[in-house]
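Text of model.txt (compact mmCIF, C-alpha atoms) as supplied:
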```txt
# COMPACT_ATOMS: atom_id res chain seq x y z
CA MET D 132 0.00 0.00 0.00
CA PHE D 133 2.92 2.33 0.70
CA ILE D 134 4.21 2.07 -2.87
CA HIS D 135 0.75 2.73 -4.31
CA ARG D 136 0.28 5.61 -1.90
CA THR D 137 3.56 7.32 -2.73
CA GLN D 138 3.88 6.45 -6.42
CA GLY D 139 0.31 5.48 -7.26
CA TRP D 140 -0.31 7.81 -10.17
CA SER D 141 2.92 6.84 -11.90
CA LEU D 142 2.16 3.15 -11.37
CA MET D 143 -1.34 3.67 -12.75
CA ALA D 144 0.09 5.45 -15.80
CA LEU D 145 2.62 2.63 -16.26
CA GLY D 146 -0.13 0.01 -15.99
CA PHE D 147 -2.23 1.88 -18.54
CA CYS D 148 0.70 2.17 -20.97
CA ILE D 149 1.60 -1.52 -20.64
CA GLN D 150 -2.01 -2.53 -21.21
CA VAL D 151 -2.31 -0.29 -24.26
CA LEU D 152 0.97 -1.57 -25.68
CA CYS D 153 0.11 -5.24 -25.12
CA CYS D 154 -3.62 -5.37 -25.78
CA TRP D 155 -4.42 -2.54 -28.18
CA TRP D 156 -4.64 -4.82 -31.19
CA ILE D 157 -7.47 -7.01 -29.85
CA PRO D 158 -10.13 -4.26 -29.70
CA VAL D 159 -8.87 -2.74 -32.95
CA MET D 160 -9.13 -6.04 -34.82
CA PHE D 161 -12.53 -6.77 -33.29
CA PHE D 162 -13.94 -3.35 -34.16
CA LEU D 163 -12.54 -3.51 -37.70
CA SER D 164 -13.97 -6.96 -38.31
CA VAL D 165 -17.46 -6.62 -36.79
CA VAL D 166 -18.58 -4.48 -39.74
CA ASN D 167 -18.11 -7.55 -41.96
CA PHE D 168 -20.80 -9.66 -40.29
CA THR D 169 -23.94 -10.43 -42.25
CA THR D 170 -27.40 -9.96 -40.80
CA PHE D 171 -28.00 -13.71 -41.16
CA CYS D 172 -25.43 -14.88 -38.60
CA GLU D 173 -26.80 -17.65 -36.36
CA THR D 174 -25.22 -16.40 -33.15
CA ARG D 175 -24.61 -13.10 -31.39
CA LEU D 176 -20.88 -13.26 -32.07
CA ARG D 177 -20.86 -9.69 -33.36
CA THR D 178 -22.27 -8.35 -30.09
CA TRP D 179 -19.88 -10.52 -28.09
CA MET D 180 -16.87 -9.16 -30.00
CA VAL D 181 -17.89 -5.55 -29.33
CA VAL D 182 -18.56 -6.18 -25.64
CA PHE D 183 -15.31 -8.09 -25.16
CA ALA D 184 -13.30 -5.37 -26.93
CA VAL D 185 -14.67 -2.79 -24.48
CA LEU D 186 -14.32 -5.01 -21.40
CA ILE D 187 -10.71 -5.97 -22.08
CA LEU D 188 -9.76 -2.31 -21.81
CA ALA D 189 -12.25 -1.08 -19.19
CA ILE D 190 -12.02 -3.73 -16.46
CA PRO D 191 -8.24 -3.70 -15.83
CA LEU D 192 -8.16 0.11 -15.91
CA THR D 193 -11.05 0.32 -13.45
CA ILE D 194 -9.38 -2.09 -11.06
CA GLN D 195 -6.09 -0.20 -11.28
CA CYS D 196 -7.88 3.13 -10.61
CA LEU D 197 -9.73 1.66 -7.61
CA ASN D 198 -6.52 0.20 -6.22
CA VAL D 199 -4.58 3.46 -6.48
CA SER D 200 -7.51 5.55 -5.23
CA CYS D 201 -7.95 3.39 -2.12
CA ALA D 202 -4.22 3.61 -1.43
CA LYS D 203 -4.12 7.39 -1.93
CA LEU D 204 -7.12 7.89 0.35
CA GLY D 205 -5.63 5.60 3.00
CA TYR D 206 -8.63 3.26 2.81
CA ARG D 207 -6.80 0.10 3.85
CA PHE D 208 -9.79 -2.28 3.73
CA GLY D 209 -10.74 -1.17 0.21
CA TYR D 210 -7.14 -1.47 -0.93
CA VAL D 211 -6.85 -5.01 0.43
CA VAL D 212 -10.19 -6.10 -1.06
CA VAL D 213 -9.40 -4.66 -4.50
CA SER D 214 -5.86 -6.11 -4.44
CA LYS D 215 -6.94 -9.57 -3.35
CA CYS D 216 -9.98 -9.77 -5.62
CA SER D 217 -8.42 -8.35 -8.78
CA TRP D 218 -7.81 -11.90 -9.96
CA VAL D 219 -11.61 -12.45 -9.94
CA ALA D 220 -12.02 -9.84 -12.66
CA GLY D 221 -9.25 -11.43 -14.70
CA ALA D 222 -10.75 -14.89 -14.27
CA ALA D 223 -14.22 -13.58 -15.19
CA LEU D 224 -12.83 -11.93 -18.32
CA LEU D 225 -10.96 -15.10 -19.25
CA GLY D 226 -14.08 -17.18 -18.60
CA TYR D 227 -16.22 -14.86 -20.70
CA PHE D 228 -13.67 -15.16 -23.48
CA MET D 229 -12.96 -18.88 -23.25
CA ILE D 230 -16.40 -20.26 -22.46
CA TYR D 231 -19.04 -18.00 -23.95
CA GLY D 232 -16.89 -16.78 -26.83
CA LEU D 233 -15.88 -20.31 -27.77
CA TYR D 234 -19.51 -21.39 -27.63
CA LEU D 235 -20.55 -18.60 -30.00
CA TYR D 236 -17.59 -19.20 -32.30
CA GLU D 237 -18.25 -22.93 -32.58
CA ASN D 238 -21.92 -22.33 -33.43
CA SER D 239 -21.14 -19.80 -36.17
CA THR D 240 -20.41 -20.60 -39.81
CA TYR D 241 -18.41 -18.68 -42.40
CA VAL D 242 -21.22 -18.89 -44.92
CA MET D 243 -23.84 -17.33 -42.66
CA CYS D 244 -21.69 -14.83 -40.73
CA TYR D 245 -18.97 -13.47 -43.04
CA ASP D 246 -19.94 -11.25 -45.96
CA GLY D 247 -16.69 -11.90 -47.86
CA THR D 248 -15.20 -8.41 -47.71
CA GLY D 249 -12.59 -6.96 -45.39
CA LEU D 250 -11.30 -8.67 -42.27
CA ASN D 251 -12.83 -12.04 -41.54
CA PRO D 252 -14.07 -11.94 -37.92
CA LEU D 253 -14.10 -15.72 -37.63
CA ALA D 254 -10.48 -15.96 -38.78
CA ILE D 255 -9.51 -13.32 -36.24
CA MET D 256 -11.32 -15.30 -33.54
CA ARG D 257 -9.50 -18.47 -34.57
CA ALA D 258 -6.12 -16.71 -34.41
CA LEU D 259 -6.97 -15.32 -30.99
CA TRP D 260 -7.94 -18.81 -29.76
CA ILE D 261 -4.61 -20.19 -30.96
CA LEU D 262 -2.67 -17.38 -29.28
CA SER D 263 -4.66 -17.82 -26.07
CA PHE D 264 -4.06 -21.56 -26.05
CA CYS D 265 -0.32 -21.06 -26.58
CA PHE D 266 -0.16 -18.41 -23.86
CA LEU D 267 -2.11 -20.51 -21.35
CA THR D 268 0.05 -23.54 -22.14
CA LEU D 269 3.25 -21.56 -21.54
CA LEU D 270 1.74 -20.09 -18.37
CA GLY D 271 0.85 -23.59 -17.13
CA ILE D 272 4.36 -24.88 -17.87
CA GLY D 273 5.87 -21.87 -16.14
CA MET D 274 3.67 -22.34 -13.08
CA ALA D 275 4.57 -26.04 -12.96
CA CYS D 276 8.27 -25.19 -13.11
CA ILE D 277 7.89 -22.62 -10.34
CA CYS D 278 5.84 -24.91 -8.13
CA CYS D 279 8.06 -27.96 -8.63
CA SER D 280 11.40 -26.20 -8.26
CA ARG D 281 13.27 -26.43 -5.05
CA GLY D 282 14.42 -23.40 -3.16
CA PRO D 283 18.10 -22.58 -2.78
CA ARG D 284 20.05 -25.30 -1.06
CA LEU D 285 22.30 -24.37 1.81
CA GLU D 286 25.21 -26.73 1.97
CA GLY D 287 27.95 -26.86 4.49
```
Serialized structure, structure tokens:
Amino acid sequence: MFIHRTQGWSLMALGFCIQVLCCWWIPVMFFLSVVNFTTFCETRLRTWMVVFAVLILAIPLTIQCLNVSCAKLGYRFGYVVVSKCSWVAGAALLGYFMIYGLYLYENSTYVMCYDGTGLNPLAIMRALWILSFCFLTLLGIGMACICCSRGPRLEG
């Protein structure tokens, strides 16, 4: 809490910049591709892509602002709750992406959803699934290596 209290605004600006640098392309690709949906698409994939593009930027920024604000105001309980429960928002976002998005994607067809011009939203979704799978696999391997490694050995 001390670091957020003394350097909170700079940490919030750094978090915003890192998020924009890492995740800017997802909303851009989603917004550019949703105009290429037909009106005959079987699912609400278009709506899901717009909502997810907004949520992936809004939720982490809101959590970061709440965290820094609680620290700056000296509201220890709020700071602890926001810090400890920030993973819930990340898990909810990941669940919304992996479960509901995958359900909509699997029930959509190219013939009914893509009008044939511009960016193909279903191809963008497929690429994002592949990237997510690779990232989660590497994260799982990294967590396994961290959990299974032994601490430093003191000999002698």
For Met229 in chain D: contacts at 12 Å, only C-alpha atoms, fewer than 5 positions along chain excluded, given as a CSV table (one decimal) with C-alpha atoms, in the frame of the given file:
```csv
chain,number,residue,atom,x,y,z
D,179,TRP,CA,-19.9,-10.5,-28.1
D,183,PHE,CA,-15.3,-8.1,-25.2
D,221,GLY,CA,-9.2,-11.4,-14.7
D,222,ALA,CA,-10.8,-14.9,-14.3
D,223,ALA,CA,-14.2,-13.6,-15.2
D,224,LEU,CA,-12.8,-11.9,-18.3
D,234,TYR,CA,-19.5,-21.4,-27.6
D,235,LEU,CA,-20.6,-18.6,-30.0
D,236,TYR,CA,-17.6,-19.2,-32.3
D,237,GLU,CA,-18.2,-22.9,-32.6
D,256,MET,CA,-11.3,-15.3,-33.5
D,257,ARG,CA,-9.5,-18.5,-34.6
D,259,LEU,CA,-7.0,-15.3,-31.0
D,260,TRP,CA,-7.9,-18.8,-29.8
D,261,ILE,CA,-4.6,-20.2,-31.0
D,263,SER,CA,-4.7,-17.8,-26.1
D,264,PHE,CA,-4.1,-21.6,-26.0
D,267,LEU,CA,-2.1,-20.5,-21.4
```
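Using all atoms listed in the file, the contacts of range 161-163 of chain D at a cut-off of 8 Å, with sequence neighbours closer than 6 positions omitted, comprise Met180, Val181, Ala184, Leu250, Pro252 and Ile255 of chain D.
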Next on the checklist: I'd like the interatomic distance between CA of Ala254 in chain D and CA of Ala189 in chain D, to a tenth of an Å.
Outcome noted: 24.7 Å
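If you look at CA of Thr169 in chain D and CA of Ile190 in chain D, they are 29.2 Å away from each other.
For Trp218 in chain D, the list of residues within 12 Å, based on only C-alpha atoms and with local chain neighbours fewer than 5 positions off taken out, reads D:Ile190, D:Pro191, D:Ile194, D:Gln195, D:Val212, D:Val213, D:Ala223, D:Leu224, D:Leu225, D:Gly226.
CA of Met274 in chain D is found 26.3 Å from CA of Leu186 in chain D.
Shortest atom-to-atom contact with Gly247 in chain D among D:Trp155, D:Tyr206, D:Phe168, D:Phe147: D:Phe168, counting all atoms listed in the file.
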